[in-house]
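Have a look at entry-v4.txt below; it lists compact mmCIF, C-alpha atoms.
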# COMPACT_ATOMS: atom_id res chain seq x y z
CA MET A 43 138.39 77.28 -64.90
CA ARG A 44 137.27 74.38 -67.06
CA LYS A 45 133.94 73.64 -68.66
CA GLN A 46 133.05 70.59 -70.71
CA PHE A 47 130.85 70.79 -73.79
CA LYS A 48 129.29 68.20 -76.06
CA PHE A 49 128.33 69.65 -79.42
CA TYR A 50 125.70 67.86 -81.50
CA ALA A 51 125.07 68.48 -85.19
CA TYR A 52 121.57 68.61 -86.64
CA GLU A 53 120.70 68.72 -90.32
CA ILE A 54 118.15 71.26 -91.51
CA VAL A 55 115.55 69.12 -93.27
CA SER A 56 112.27 71.02 -93.48
CA GLY A 57 110.60 71.18 -96.87
CA ASP A 58 110.99 74.70 -98.17
CA LEU A 59 114.15 75.44 -96.23
CA ARG A 60 115.86 72.38 -97.67
CA ASN A 61 114.93 73.21 -101.25
CA SER A 62 116.58 76.56 -100.93
CA SER A 63 119.02 75.51 -98.25
CA LEU A 64 120.39 79.00 -97.72
CA ARG A 65 116.98 80.32 -96.83
CA PHE A 66 116.96 79.67 -93.10
CA VAL A 67 120.30 81.41 -92.55
CA GLU A 68 119.21 84.26 -94.81
CA LEU A 69 115.95 84.66 -92.93
CA LEU A 70 117.78 84.60 -89.61
CA LYS A 71 120.39 87.09 -90.76
CA ALA A 72 117.68 89.38 -92.08
CA LYS A 73 115.80 89.14 -88.78
CA LEU A 74 118.91 89.87 -86.76
CA ARG A 75 119.79 93.13 -88.46
CA PRO A 76 120.48 95.44 -85.50
CA GLU A 77 118.21 98.20 -86.79
CA LEU A 78 115.28 95.77 -86.92
CA THR A 79 115.44 93.95 -83.61
CA ILE A 80 115.92 94.57 -79.94
CA VAL A 81 116.45 91.96 -77.23
CA GLN A 82 112.92 92.22 -75.91
CA ASP A 83 111.46 91.21 -79.29
CA ARG A 84 113.39 87.95 -79.19
CA CYS A 85 112.13 86.68 -75.79
CA MET A 86 109.78 83.72 -76.22
CA PRO A 87 107.87 82.42 -73.16
CA ILE A 88 107.96 78.63 -72.85
CA ASN A 89 104.55 77.09 -72.34
CA GLY A 90 103.82 75.66 -68.94
CA SER A 91 106.71 77.30 -67.10
CA HIS A 92 108.05 80.67 -66.02
CA ASP A 93 110.94 80.21 -68.44
CA GLU A 94 111.76 82.25 -71.52
CA LEU A 95 114.13 81.63 -74.41
CA LEU A 96 116.24 84.40 -75.87
CA LEU A 97 118.71 84.63 -78.70
CA SER A 98 120.86 87.00 -76.69
CA ASP A 99 124.00 87.50 -78.72
CA PHE A 100 124.91 86.79 -82.30
CA SER A 101 127.50 87.36 -84.92
CA THR A 102 126.79 87.46 -88.63
CA GLN A 103 129.04 88.27 -91.52
CA SER A 104 127.54 89.41 -94.78
CA GLU A 105 129.95 87.41 -96.93
CA LYS A 106 129.69 84.19 -94.86
CA GLN A 107 126.61 82.02 -94.79
CA PHE A 108 126.41 81.30 -91.08
CA VAL A 109 125.15 82.76 -87.82
CA LEU A 110 127.02 82.26 -84.59
CA GLY A 111 124.85 82.85 -81.56
CA THR A 112 124.15 82.46 -77.86
CA LEU A 113 120.83 81.35 -76.43
CA PHE A 114 119.68 82.07 -72.89
CA ARG A 115 117.10 80.05 -71.09
CA MET A 116 115.81 82.47 -68.49
CA THR A 117 113.40 82.28 -65.63
CA THR A 118 111.89 84.71 -63.16
CA ALA A 119 114.16 85.43 -60.19
CA ASP A 120 111.51 84.46 -57.63
CA THR A 121 111.55 80.82 -58.82
CA ILE A 122 115.26 80.43 -58.04
CA ASN A 123 116.44 80.44 -54.46
CA ASN A 124 119.61 81.75 -52.94
CA ILE A 125 121.36 79.63 -50.28
CA PRO A 126 123.56 81.81 -48.02
CA SER A 127 126.86 80.14 -47.11
CA GLU A 128 126.08 80.13 -43.36
CA TYR A 129 123.19 77.72 -44.04
CA PHE A 130 125.75 75.01 -44.78
CA LYS A 131 126.94 75.10 -41.17
CA ALA A 132 123.46 74.19 -39.87
CA ALA A 133 122.26 70.59 -39.42
CA LYS A 134 119.69 70.93 -42.18
CA ILE A 135 118.18 73.48 -44.53
CA SER A 136 114.43 73.87 -44.57
CA GLU A 137 112.74 74.81 -47.83
CA ASN A 138 111.01 77.65 -45.97
CA ASP A 139 114.36 79.26 -45.09
CA LEU A 140 115.40 79.70 -48.71
CA LEU A 141 115.43 83.21 -50.06
CA PRO A 142 114.23 83.99 -53.58
CA LEU A 143 116.96 85.46 -55.76
CA GLY A 144 114.75 88.39 -56.73
CA SER A 145 111.24 89.49 -57.60
CA SER A 146 108.94 88.03 -60.25
CA ASP A 147 109.74 91.03 -62.53
CA GLU A 148 113.42 90.20 -62.75
CA LEU A 149 114.82 87.52 -65.06
CA VAL A 150 117.85 85.35 -64.42
CA THR A 151 119.66 82.92 -66.74
CA LYS A 152 119.17 79.23 -66.09
CA HIS A 153 121.23 77.86 -68.98
CA ILE A 154 123.46 79.43 -71.59
CA HIS A 155 123.83 77.58 -74.88
CA TYR A 156 125.92 78.25 -77.95
CA PHE A 157 125.11 77.47 -81.56
CA ILE A 158 126.24 77.98 -85.11
CA VAL A 159 123.89 77.55 -88.03
CA GLY A 160 124.82 77.35 -91.68
CA LYS A 161 123.05 76.36 -94.85
CA LYS A 162 123.03 72.67 -93.96
CA TYR A 163 123.86 72.17 -90.28
CA PHE A 164 122.80 73.49 -86.92
CA ILE A 165 125.53 72.76 -84.36
CA THR A 166 124.89 73.31 -80.68
CA ASP A 167 125.55 72.09 -77.15
CA ILE A 168 121.80 71.83 -76.48
CA PRO A 169 120.96 68.25 -75.44
CA ASN A 170 118.85 66.13 -77.79
CA SER A 171 115.88 66.11 -75.46
CA ARG A 172 115.52 69.92 -75.66
CA ILE A 173 116.07 70.46 -79.36
CA SER A 174 112.34 70.54 -80.10
CA THR A 175 112.04 73.70 -77.95
CA ILE A 176 114.77 75.31 -80.04
CA GLN A 177 112.91 74.43 -83.25
CA LYS A 178 109.81 76.06 -81.80
CA TYR A 179 111.86 79.12 -80.84
CA PHE A 180 113.26 79.72 -84.32
CA ASN A 181 109.89 79.07 -85.94
CA TRP A 182 108.40 81.65 -83.58
CA LEU A 183 111.25 84.13 -84.08
CA LEU A 184 111.13 83.95 -87.87
CA ASP A 185 107.36 83.50 -87.99
CA LEU A 186 107.65 80.26 -89.94
CA SER A 187 104.65 78.02 -90.40
CA GLY A 188 103.55 74.98 -92.42
CA ASP A 189 106.19 73.65 -94.81
CA GLU A 190 108.48 76.55 -94.05
CA GLN A 191 108.99 75.49 -90.42
CA LEU A 192 112.48 74.68 -89.29
CA SER A 193 112.89 70.97 -88.69
CA LEU A 194 116.13 69.51 -87.39
CA ARG A 195 117.33 65.95 -87.86
CA SER A 196 120.14 64.46 -85.79
CA LYS A 197 123.30 63.89 -87.74
CA LEU A 198 124.49 60.33 -87.25
CA ASP A 199 128.05 59.15 -87.07
CA LEU A 200 128.02 55.70 -88.61
CA GLN A 201 131.66 55.55 -89.66
CA ASN A 202 133.41 52.53 -88.13
CA LYS A 203 130.31 51.77 -86.07
CA ILE A 204 127.92 50.13 -88.47
CA GLN A 205 127.82 49.07 -92.10
CA LEU A 206 124.67 48.62 -94.10
CA LYS A 207 125.42 45.02 -95.03
CA ASN A 208 125.78 44.10 -91.35
CA LEU A 209 122.41 45.47 -90.28
CA SER A 210 119.95 42.76 -89.29
CA LYS A 211 117.06 44.65 -87.73
CA ILE A 212 115.94 47.88 -86.11
CA ILE A 213 113.95 47.68 -82.88
CA PHE A 214 111.79 50.51 -81.67
CA ALA A 215 110.85 49.92 -78.05
CA GLU A 216 109.48 51.84 -75.18
CA ASN A 217 112.01 50.97 -72.55
CA LEU A 218 109.49 50.46 -69.78
CA SER A 219 109.68 46.87 -68.67
CA SER A 220 108.27 46.08 -65.26
CA SER A 221 111.77 45.66 -63.85
CA ASN A 222 112.58 49.22 -64.86
CA LEU A 223 109.39 50.60 -63.41
CA SER A 224 109.57 49.05 -59.99
CA VAL A 225 112.47 50.45 -58.08
CA SER A 226 112.41 48.93 -54.63
CA ASN A 227 114.74 47.88 -51.87
CA LYS A 228 113.40 44.50 -50.83
CA THR A 229 114.56 42.67 -47.76
CA MET A 230 115.82 39.10 -48.02
CA TRP A 231 112.46 37.73 -46.79
CA GLN A 232 110.48 39.87 -49.24
CA THR A 233 112.69 38.67 -52.10
CA PHE A 234 112.21 35.06 -50.96
CA GLY A 235 108.44 35.64 -50.73
CA THR A 236 108.33 37.06 -54.26
CA LEU A 237 110.39 34.14 -55.55
CA MET A 238 108.05 31.60 -53.92
CA GLN A 239 105.03 33.52 -55.20
CA ASN A 240 106.45 33.37 -58.74
CA MET A 241 107.25 29.68 -58.39
CA LEU A 242 103.85 28.65 -57.02
CA SER A 243 101.41 31.05 -58.66
CA ASP A 244 100.50 31.16 -62.35
CA VAL A 245 98.42 34.34 -62.14
CA GLN A 246 99.95 37.77 -62.76
CA PRO A 247 98.53 40.86 -61.07
CA LEU A 248 96.68 43.35 -63.32
CA ASP A 249 99.46 45.95 -63.04
CA VAL A 250 102.03 43.51 -64.38
CA ILE A 251 99.74 42.49 -67.26
CA ARG A 252 99.24 46.14 -68.15
CA GLU A 253 102.94 47.05 -67.92
CA ARG A 254 104.11 44.11 -69.98
CA ASN A 255 101.44 44.35 -72.63
CA LEU A 256 100.65 48.00 -72.93
CA LEU A 257 103.76 49.92 -71.97
CA ASN A 258 106.37 47.61 -73.37
CA ALA A 259 105.38 48.27 -76.94
CA LYS A 260 107.93 47.09 -79.46
CA LEU A 261 108.25 47.43 -83.20
CA GLU A 262 110.84 45.49 -85.16
CA ILE A 263 111.98 46.09 -88.71
CA ASN A 264 113.83 43.07 -90.04
CA PHE A 265 116.15 43.18 -93.03
CA LYS A 266 116.21 39.93 -94.97
CA ALA A 267 118.45 41.02 -97.82
CA ILE A 268 120.06 44.33 -98.50
CA LYS A 269 121.34 45.15 -101.95
CA LYS A 270 125.08 45.47 -101.81
CA ASN A 271 125.15 48.40 -104.16
CA VAL A 272 123.24 50.64 -101.74
CA GLU A 273 125.70 53.14 -100.36
CA ASP A 274 126.18 53.69 -96.66
CA ASP A 275 125.34 57.38 -96.89
CA LYS A 276 121.86 56.34 -98.00
CA LEU A 277 121.54 54.27 -94.82
CA ASP A 278 122.76 57.30 -92.91
CA ALA A 279 119.96 59.42 -94.39
CA ALA A 280 117.33 56.68 -93.88
CA LEU A 281 118.31 56.08 -90.26
CA ALA A 282 118.51 59.77 -89.50
CA THR A 283 114.89 60.07 -90.63
CA LEU A 284 113.88 57.28 -88.25
CA ILE A 285 116.05 58.31 -85.32
CA THR A 286 114.75 61.57 -83.94
CA PRO A 287 116.66 63.29 -81.14
CA THR A 288 113.99 62.57 -78.56
CA THR A 289 113.50 58.90 -79.41
CA ALA A 290 117.09 57.91 -80.11
CA ASP A 291 117.56 56.18 -76.76
CA ASN A 292 114.62 53.83 -77.43
CA ILE A 293 115.84 52.65 -80.82
CA PHE A 294 118.24 49.73 -81.15
CA LEU A 295 120.09 48.51 -84.23
CA VAL A 296 120.84 44.80 -84.23
CA LEU A 297 123.74 43.65 -86.38
CA LYS A 298 124.08 40.25 -88.01
CA ASP A 299 126.75 39.24 -85.48
CA GLY A 300 124.17 39.80 -82.70
CA ARG A 301 125.58 43.10 -81.44
CA LYS A 302 122.90 45.53 -80.28
CA ILE A 303 123.69 49.23 -80.67
CA ASN A 304 121.62 51.96 -79.07
CA ALA A 305 120.82 54.65 -81.62
CA GLY A 306 121.71 57.27 -79.00
CA ASN A 307 125.33 56.16 -79.36
CA LEU A 308 125.24 56.80 -83.10
CA LEU A 309 124.52 60.50 -82.79
CA TRP A 310 127.28 62.67 -84.15
CA TYR A 311 128.96 64.80 -81.50
CA ARG A 312 132.25 66.47 -80.66
CA GLU A 313 133.49 66.97 -77.12
CA PHE A 314 135.31 70.08 -76.09
CA VAL A 315 136.85 71.24 -72.83
CA ALA A 316 137.13 75.00 -72.56
CA GLU A 317 139.77 76.45 -70.24
CA TYR A 318 139.12 80.05 -69.39
CA GLU A 319 139.79 82.86 -66.95
CA ASN A 320 136.62 84.89 -67.49
CA VAL A 321 133.29 84.66 -69.30
CA ASN A 322 134.58 86.61 -72.31
CA GLU A 323 137.32 84.09 -72.79
CA LEU A 324 134.86 81.18 -72.47
CA SER A 325 132.58 82.67 -75.08
CA TYR A 326 135.54 83.29 -77.41
CA GLU A 327 136.88 79.73 -76.97
CA VAL A 328 133.47 78.13 -77.53
CA ASN A 329 132.73 80.21 -80.61
CA ARG A 330 136.17 79.42 -82.05
CA LYS A 331 135.54 75.69 -81.51
CA LEU A 332 132.04 75.90 -83.01
CA LEU A 333 133.46 77.61 -86.08
CA SER A 334 136.15 74.97 -86.46
CA ILE A 335 133.56 72.15 -86.16
CA PHE A 336 131.36 73.95 -88.64
CA ASN A 337 134.21 74.24 -91.16
CA ASP A 338 135.15 70.57 -90.68
CA LEU A 339 131.56 69.51 -91.35
CA ALA A 340 131.31 71.76 -94.39
CA LEU A 341 134.33 70.00 -95.88
CA GLN A 342 132.84 66.52 -95.44
CA MET B 103 101.52 28.32 -70.40
CA LYS B 104 104.94 26.88 -71.21
CA ASN B 105 106.43 28.77 -68.28
CA SER B 106 103.79 27.41 -65.89
CA ILE B 107 104.29 23.83 -67.06
CA VAL B 108 108.05 24.18 -66.50
CA LYS B 109 107.38 25.55 -63.00
CA LEU B 110 104.98 22.66 -62.34
CA ILE B 111 107.51 20.04 -63.45
CA VAL B 112 110.24 21.69 -61.31
CA GLY B 113 107.84 21.72 -58.33
CA LEU B 114 106.92 18.06 -58.78
CA VAL B 115 110.58 17.02 -59.11
CA ILE B 116 111.39 18.90 -55.88
CA CYS B 117 108.43 17.12 -54.16
CA LEU B 118 109.69 13.77 -55.42
CA LEU B 119 113.23 14.44 -54.15
CA LEU B 120 111.92 15.64 -50.77
CA SER B 121 109.73 12.58 -50.32
CA ILE B 122 112.53 10.19 -51.35
CA GLY B 123 114.83 11.99 -48.89
CA TYR B 124 112.24 11.64 -46.12
CA SER B 125 111.54 7.98 -46.88
CA THR B 126 115.27 7.17 -46.87
CA CYS B 127 115.99 9.05 -43.62
CA PHE B 128 112.91 7.97 -41.68
CA LYS B 129 112.22 4.39 -42.72
CA ASN B 130 109.02 2.90 -41.28
CA GLU B 131 107.80 6.36 -40.26
CA MET B 132 104.93 7.76 -42.28
CA LEU B 133 104.86 11.48 -43.09
CA VAL B 134 101.21 11.67 -41.99
CA PRO B 135 98.99 9.00 -40.43
CA ASN B 136 96.84 6.92 -42.80
CA SER B 137 93.68 8.51 -41.41
CA ALA B 138 94.80 11.99 -42.51
CA ILE B 139 95.24 11.00 -46.15
CA ASN B 140 91.50 10.94 -46.83
CA THR B 141 91.12 14.38 -45.23
CA ILE B 142 93.96 15.87 -47.36
CA PHE B 143 92.41 14.44 -50.51
CA THR B 144 88.98 15.82 -49.56
CA ILE B 145 90.42 19.31 -48.95
CA ILE B 146 92.15 19.21 -52.35
CA GLY B 147 88.84 18.16 -53.93
CA VAL B 148 87.11 21.13 -52.32
CA PHE B 149 89.77 23.62 -53.47
CA PHE B 150 89.65 22.13 -56.96
CA SER B 151 85.88 22.66 -57.16
CA VAL B 152 86.03 26.18 -55.73
CA GLY B 153 88.94 27.14 -58.01
CA MET B 154 87.18 25.83 -61.12
CA SER B 155 83.99 27.70 -60.14
CA LEU B 156 86.00 30.91 -59.85
CA ILE B 157 87.47 30.35 -63.33
CA ILE B 158 83.99 29.86 -64.81
CA ALA B 159 82.61 32.93 -63.01
CA SER B 160 85.46 35.19 -64.22
CA PRO B 161 84.54 38.74 -65.32
CA GLN B 162 86.47 38.15 -68.56
CA VAL B 163 83.45 38.51 -70.84
CA HIS B 164 82.94 42.09 -69.72
CA ILE B 165 86.50 43.21 -70.50
CA LYS B 166 86.64 45.56 -73.47
CA ASN B 167 90.42 46.01 -73.71
CA GLU B 168 91.54 43.31 -76.16
CA THR B 169 95.07 43.03 -74.74
CA ILE B 170 93.90 42.56 -71.15
CA LYS B 171 91.10 40.24 -72.32
CA LYS B 172 93.52 38.01 -74.23
CA LYS B 173 96.03 37.96 -71.38
CA THR B 174 93.31 37.15 -68.81
CA ALA B 175 92.01 34.35 -71.06
CA ASP B 176 95.55 32.94 -71.31
CA ILE B 177 95.94 33.05 -67.52
CA LEU B 178 92.58 31.30 -66.95
CA LYS B 179 93.45 28.63 -69.50
CA THR B 180 96.82 28.03 -67.83
CA VAL B 181 95.36 27.89 -64.31
CA LYS B 182 92.57 25.54 -65.48
CA SER B 183 95.14 23.21 -67.05
CA ILE B 184 97.37 23.28 -63.96
CA TYR B 185 94.37 22.57 -61.69
CA MET B 186 93.30 19.62 -63.86
CA ILE B 187 96.80 18.14 -64.24
CA LEU B 188 97.42 18.32 -60.49
CA PHE B 189 93.98 16.99 -59.55
CA LEU B 190 94.28 14.07 -61.99
CA LEU B 191 97.78 13.30 -60.69
CA VAL B 192 96.67 13.42 -57.05
CA SER B 193 93.56 11.31 -57.80
CA ALA B 194 95.66 8.71 -59.66
CA LEU B 195 98.16 8.55 -56.79
CA TYR B 196 95.28 8.30 -54.27
CA ILE B 197 93.75 5.33 -56.10
CA PHE B 198 97.20 3.77 -56.41
CA ILE B 199 98.04 3.99 -52.70
CA LEU B 200 94.57 2.80 -51.68
CA ASN B 201 95.26 -0.49 -53.41
CA ASN B 202 99.00 -0.81 -52.90
CA ASP B 203 101.38 -0.29 -50.06
CA ALA B 204 104.31 0.27 -52.38
CA GLU B 205 107.75 0.72 -50.92
CA ILE B 206 110.60 0.03 -53.30
CA ILE B 207 114.25 0.09 -52.21
CA ILE B 208 116.80 0.66 -54.99
CA LYS B 209 120.47 0.69 -53.91
CA GLY B 210 119.56 1.90 -50.40
CA ILE B 211 117.17 4.61 -51.64
CA THR B 212 113.62 4.07 -50.38
CA ILE B 213 110.75 5.21 -52.57
CA ASN B 214 107.49 5.23 -50.60
CA ALA B 215 104.36 5.93 -52.70
CA GLN B 216 102.44 7.24 -49.68
CA ASP B 217 105.13 9.83 -48.85
CA ILE B 218 105.23 10.92 -52.48
CA PHE B 219 101.44 11.25 -52.42
CA VAL B 220 101.45 13.34 -49.24
CA THR B 221 104.24 15.68 -50.48
CA ILE B 222 102.54 16.19 -53.84
CA CYS B 223 99.22 16.76 -52.02
CA LEU B 224 100.79 19.50 -49.88
CA TYR B 225 102.37 21.09 -52.96
CA THR B 226 99.03 20.89 -54.80
CA LEU B 227 97.22 22.44 -51.86
CA ILE B 228 99.67 25.38 -51.66
CA LYS B 229 99.47 25.87 -55.43
CA PHE B 230 95.65 25.77 -55.41
CA VAL B 231 95.46 28.27 -52.55
CA MET B 232 97.98 30.69 -54.07
CA ASN B 233 96.44 30.56 -57.54
CA PHE B 234 92.96 30.94 -56.02
CA ASN B 235 94.08 33.96 -54.01
CA ASP B 236 95.89 35.63 -56.94
CA MET B 237 92.98 34.95 -59.29
CA TYR B 238 90.57 36.49 -56.79
CA ASN B 239 92.84 39.57 -56.48
CA LEU B 240 93.13 39.87 -60.26
CA PHE B 241 89.35 39.68 -60.77
CA GLN B 242 88.83 42.17 -57.96
CA SER B 243 91.26 44.65 -59.62
CA ILE B 244 89.47 44.20 -62.97
CA LYS B 245 86.06 44.72 -61.31
CA ASP B 246 87.33 47.83 -59.50
CA GLU B 247 88.57 49.32 -62.77
CA MET B 248 85.28 48.47 -64.49
CA ASP B 249 83.31 50.12 -61.67
CA GLN B 250 85.47 53.24 -62.00
CA ASP B 251 84.71 53.37 -65.73
CA VAL B 252 81.01 53.09 -64.98
CA VAL B 253 81.21 55.90 -62.42
CA LYS B 254 83.12 58.08 -64.94
Translate this structure into structure tokens?
Amino acid sequence: MRKQFKFYAYEIVSGDLRNSSLRFVELLKAKLRPELTIVQDRCMPINGSHDELLLSDFSTQSEKQFVLGTLFRMTTADTINNIPSEYFKAAKISENDLLPLGSSDELVTKHIHYFIVGKKYFITDIPNSRISTIQKYFNWLLDLSGDEQLSLRSKLDLQNKIQLKNLSKIIFAENLSSSNLSVSNKTMWQTFGTLMQNMLSDVQPLDVIRERNLLNAKLEINFKAIKKNVEDDKLDAALATLITPTTADNIFLVLKDGRKINAGNLLWYREFVAEYENVNELSYEVNRKLLSIFNDLALQ
Amino acid sequence: MKNSIVKLIVGLVICLLLSIGYSTCFKNEMLVPNSAINTIFTIIGVFFSVGMSLIIASPQVHIKNETIKKKTADILKTVKSIYMILFLLVSALYIFILNNDAEIIIKGITINAQDIFVTICLYTLIKFVMNFNDMYNLFQSIKDEMDQDVVK
């Protein structure tokens, strides 16, 4: 069997944790001492859903400053339906015919994610859009609040992609133009009608005015002159502060040659294809890869 | 505004080409009878007056949202300008054809002022009606939203 992974790296940036960069790992290791914790204590309900997050498995070594772990996103068995194979021979499957996988007391895994966290980096296969939930989870697990809270910043991979002296401007835009919002299959006559309407009328409907002026917000930061002696790693740090995992896709970097790069493409990641016979083997392969990525990053 | 002026110029050029094409293909045949010209001009005059009244009676002053208010003001300004440009153009052409029966032939291409007038009149009429209709719909949407706010 094969399974494809995309591992992203996040830098640990929160105030107190950064000042004593080992602190987060130390806190986590202390929390995960087997005599202090059982699985049930580590289940966090996710607001607004039946889901729960759980740090299910972990490996810590006293002499090494990292934690290798597995996170489960679980849900109650009654919210997931089973589709018996004979249903696929019928003409259609009605929603009413689906059978819940179990009762509301039972939990089933929805997603399994892997991570490794060290003094500086948090590396995981969790997509950017869900990383804020993971932050919340660790803050909840370690009872962190205020300045102590874990805050993760996407690591960017700028090498060979962008140089500071070539950067012209940064555009922050909500990517909601009217053309993106209206998904429609128009007939030839309707398209012709719209074209004629646009040609002959000078008045826009209220919805279009609102979409174009309220939703399509755009902020541009222009660079007129950049000092040549500023190093690229400083740009890396500055951009990483601006580009958060959830907003990366709406940020564009415009270079002096006119090229427009989506910040989402600048996120650091490593792809990995695991080939395995059973789940044990998959877990071993993924953990081995995570450790190797972690060591590579530590050397940089 | 710039966009609307470009559209207007494109529309007028198309009208000109259509009327020249008609005059060249159907020499000595008028697009509409002379008696209908006065009626067309009167209808345009009526639509011009009604359209301008609608612009003046716009609910713009009651709009609180600055973005919508500014955009609506821009639209009204554009429509007012388009109405005035077209009405002045049509009036000038009307006065011109009342006093002249101009038909110039250049290298086999016939340019008949009356055909040009009629084509531009039809274009103006369609533009007036469509702008009037869209303006009415826009104001209605704004009023509906205002009423909802009041109810809330």
From (117.7, 1.2, -51.7), in the file's coordinates, out to 12 Å: which residues are reached, counting all atoms listed in the file? Answer as an MDAnalysis selection string. chainID B and resid 122:123 125:127 129 205:214
I need the chain B residues near chain A as a VMD selection string; criterion: at most 10 Å, counting all atoms listed in the file. chain B and resid 103 105 to 110 112 to 113 169 to 170 173 to 174 176 to 178 180 to 181 184 225 to 226 228 to 244
d(CA of Leu156 (chain B), CA of Tyr196 (chain B)) in Å: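 These two atoms are separated by 25.1 Å.
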Around all of region 104-121 of chain B's listed atoms, make the axis-aligned box with 3 Å on each side and tell me centre and edge lengths in Å to one decimal, as lines of an AutoDock Vina configuration file.
center_x = 108.5
center_y = 20.7
center_z = -60.8
size_x = 15.4
size_y = 22.2
size_z = 26.9
Within 12 Å of Leu184 (chain A), counting all atoms listed in the file, which residues qualify if same-chain residues fewer than 3 places away don't, as a ChimeraX atom specification? /A:65-74,79,83-84,86,97,177-181,187,190-192
What's around Tyr52 (chain A) at 8 Å? Count all atoms listed in the file, leave out sequence neighbours fewer than 2 positions away in its own chain, and write the answer as a VMD selection string. chain A and resid 50 54 163 to 165 194 to 197
Please list as a ChimeraX atom specification every residue within 9 Å of Gly111 (chain A), counting only C-alpha atoms and excluding residues in the same chain fewer than 3 positions away. /A:97-102,155-159,329
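Among the candidates B:Val220, B:Ala215, B:Lys179, B:Leu188, the one nearest to Asn201 (chain B) when counting only C-alpha atoms is B:Ala215.
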Among the residues B:Ile218, B:Ile187, B:Leu227, B:Ile197, the one that comes closest to Leu118 (chain B) [using all atoms listed in the file]: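 Ranking B:Ile218, B:Ile187, B:Leu227, B:Ile197 by distance to Leu118 (chain B), first place goes to B:Ile218.
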What gap, in Å, lies between CA of Ala159 (chain B) and CA of Thr144 (chain B)?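 Computing the Euclidean distance for CA of Ala159 (chain B) and CA of Thr144 (chain B) yields 22.7 Å.
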With a distance cut-off of 7 Å and all atoms listed in the file, select the neighbouring residues of region 117-134 of chain A, excluding the residue or stretch itself and same-chain residues fewer than 2 positions from it, and output the selection as a ChimeraX atom specification. /A:92-94,115,136,140-152
Would you mind exporting the chosen residues as an mmCIF file, in the coordinates of the input, restricted to C-alpha atoms?
data_model
loop_
_atom_site.group_PDB
_atom_site.id
_atom_site.type_symbol
_atom_site.label_atom_id
_atom_site.label_comp_id
_atom_site.auth_asym_id
_atom_site.auth_seq_id
_atom_site.Cartn_x
_atom_site.Cartn_y
_atom_site.Cartn_z
ATOM 1 C CA HIS A 92 108.050 80.670 -66.020
ATOM 2 C CA ASP A 93 110.940 80.210 -68.440
ATOM 3 C CA GLU A 94 111.760 82.250 -71.520
ATOM 4 C CA ARG A 115 117.100 80.050 -71.090
ATOM 5 C CA SER A 136 114.430 73.870 -44.570
ATOM 6 C CA LEU A 140 115.400 79.700 -48.710
ATOM 7 C CA LEU A 141 115.430 83.210 -50.060
ATOM 8 C CA PRO A 142 114.230 83.990 -53.580
ATOM 9 C CA LEU A 143 116.960 85.460 -55.760
ATOM 10 C CA GLY A 144 114.750 88.390 -56.730
ATOM 11 C CA SER A 145 111.240 89.490 -57.600
ATOM 12 C CA SER A 146 108.940 88.030 -60.250
ATOM 13 C CA ASP A 147 109.740 91.030 -62.530
ATOM 14 C CA GLU A 148 113.420 90.200 -62.750
ATOM 15 C CA LEU A 149 114.820 87.520 -65.060
ATOM 16 C CA VAL A 150 117.850 85.350 -64.420
ATOM 17 C CA THR A 151 119.660 82.920 -66.740
ATOM 18 C CA LYS A 152 119.170 79.230 -66.090
#
Nearest to Ile222 (chain B), restricted to all atoms listed in the file and choosing among B:Ser160, B:Asn167, B:Gln250, B:Ser193, comes out as B:Ser193
Using Å and a single decimal, report how far CA of Asp338 (chain A) sits from CA of Glu53 (chain A).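 Interatomic distance, CA of Glu53 (chain A) to CA of Asp338 (chain A): 14.6 Å.
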Identify the residues within 8 Å of coordinate (112.1, 47.9, -85.8) (same frame as the file), considering only C-alpha atoms, and give the answer as a PyMOL selection string. chain A and resi 211-214+260-264+293-294
Considering all atoms listed in the file, return as a VMD selection string whatever protein or nucleic-acid residues lie within 10 Å of Phe47 (chain A), sequence-local ones (same chain, fewer than 5 positions apart) excluded. chain A and resid 155 to 156 166 to 168 311 to 316 328
